[in-house]
Structures are given as C-alpha cells and as structure tokens.
$ cat data.cif   # mmCIF, C-alpha atoms
data_my_file
loop_
_atom_site.label_atom_id
_atom_site.label_comp_id
_atom_site.auth_asym_id
_atom_site.auth_seq_id
_atom_site.Cartn_x
_atom_site.Cartn_y
_atom_site.Cartn_z
CA MET M 306 161.83 0.19 165.38
CA ASN M 307 164.43 -2.46 164.72
CA GLN M 308 164.97 -5.64 166.73
CA ASN M 309 167.87 -4.23 168.76
CA GLN M 310 165.77 -1.24 169.82
CA ARG M 311 162.92 -3.55 170.83
CA GLU M 312 165.27 -5.62 172.99
CA VAL M 313 166.67 -2.53 174.71
CA LEU M 314 163.18 -1.20 175.36
CA SER M 315 161.98 -4.49 176.82
CA LYS M 316 165.00 -4.58 179.15
CA ILE M 317 164.31 -1.03 180.30
CA LEU M 318 160.64 -1.82 180.88
CA ALA M 319 161.60 -4.84 182.97
CA ALA M 320 164.12 -2.83 185.01
CA VAL M 321 161.99 0.23 185.80
CA PRO M 322 159.80 -1.42 188.48
CA LYS M 323 162.97 -2.50 190.31
CA MET M 324 164.45 1.01 190.29
CA SER M 325 164.21 3.51 193.10
CA GLU M 326 162.15 6.65 192.53
CA PHE M 327 165.39 8.58 192.17
CA GLU M 328 166.67 6.26 189.44
CA GLN M 329 163.31 6.39 187.67
CA GLY M 330 163.43 10.19 187.79
CA ARG M 331 166.91 10.25 186.30
CA LEU M 332 165.82 7.90 183.52
CA TYR M 333 162.74 10.02 182.83
CA GLY M 334 164.83 13.20 182.80
CA ARG M 335 167.31 11.71 180.37
CA ALA M 336 164.49 10.54 178.10
CA GLU M 337 163.01 14.06 178.11
CA ALA M 338 166.39 15.57 177.26
CA MET M 339 166.83 13.15 174.36
CA GLU M 340 163.35 14.00 173.10
CA GLU M 341 164.14 17.74 173.20
CA GLU M 342 167.40 17.15 171.30
CA ASN M 343 165.57 15.18 168.61
CA GLU M 344 162.89 17.88 168.29
CA LYS M 345 165.56 20.57 168.00
CA LYS M 346 167.34 18.62 165.25
CA ALA M 347 164.05 18.13 163.41
CA ARG M 348 163.29 21.87 163.59
CA GLU M 349 166.78 22.72 162.32
CA GLU M 350 166.46 20.27 159.43
CA LYS M 351 163.05 21.68 158.54
CA LYS M 352 164.46 25.22 158.69
CA GLU M 353 167.33 24.21 156.38
CA GLU M 354 164.92 22.64 153.89
CA SER M 355 162.80 25.78 153.68
CA ALA M 356 165.83 28.09 153.30
#
$ encode --input "data.cif" --output "structure tokens"
Amino acid sequence: MNQNQREVLSKILAAVPKMSEFEQGRLYGRAEAMEEENEKKAREEKKEESA
C-alpha cells in the first residue's frame, strides 16, 4: 500500500463513525462491489495465463 492509499484509508476510517447507517451501508456495498470486480479480473487473468 502506498502513502496515498494509506492517507485515503485513514480519512475513510475517521469519517465512518460520523456517517449515518445508510451512508455506512452504501460505503460497505461499494467496497463489496469493488472486491467482486477485482476477484473477477484476477480469475480472468488466471484463465488467460492457463490458456
């Protein structure tokens, strides 16, 4: 993780307690979607390597 990513993460961590449950849910949902996209890309890259 580079310095910029660390700064962004620390800002998010500081903001979460101030968010409403709705906002926290949206953030969590977006994080899950990003994780699924990254996993899909990793699977596709692995599939391409083995082909």
$ atom_distance --input "data.cif" --atom1 "CA of Gln329 in chain M" --atom2 "CA of Asn343 in chain M"
21.1 Å
$ atom_distance --input "data.cif" --atom1 "CA of Gly330 in chain M" --atom2 "CA of Leu318 in chain M"
14.1 Å
$ atom_distance --input "data.cif" --atom1 "CA of Asn309 in chain M" --atom2 "CA of Lys345 in chain M"
24.9 Å
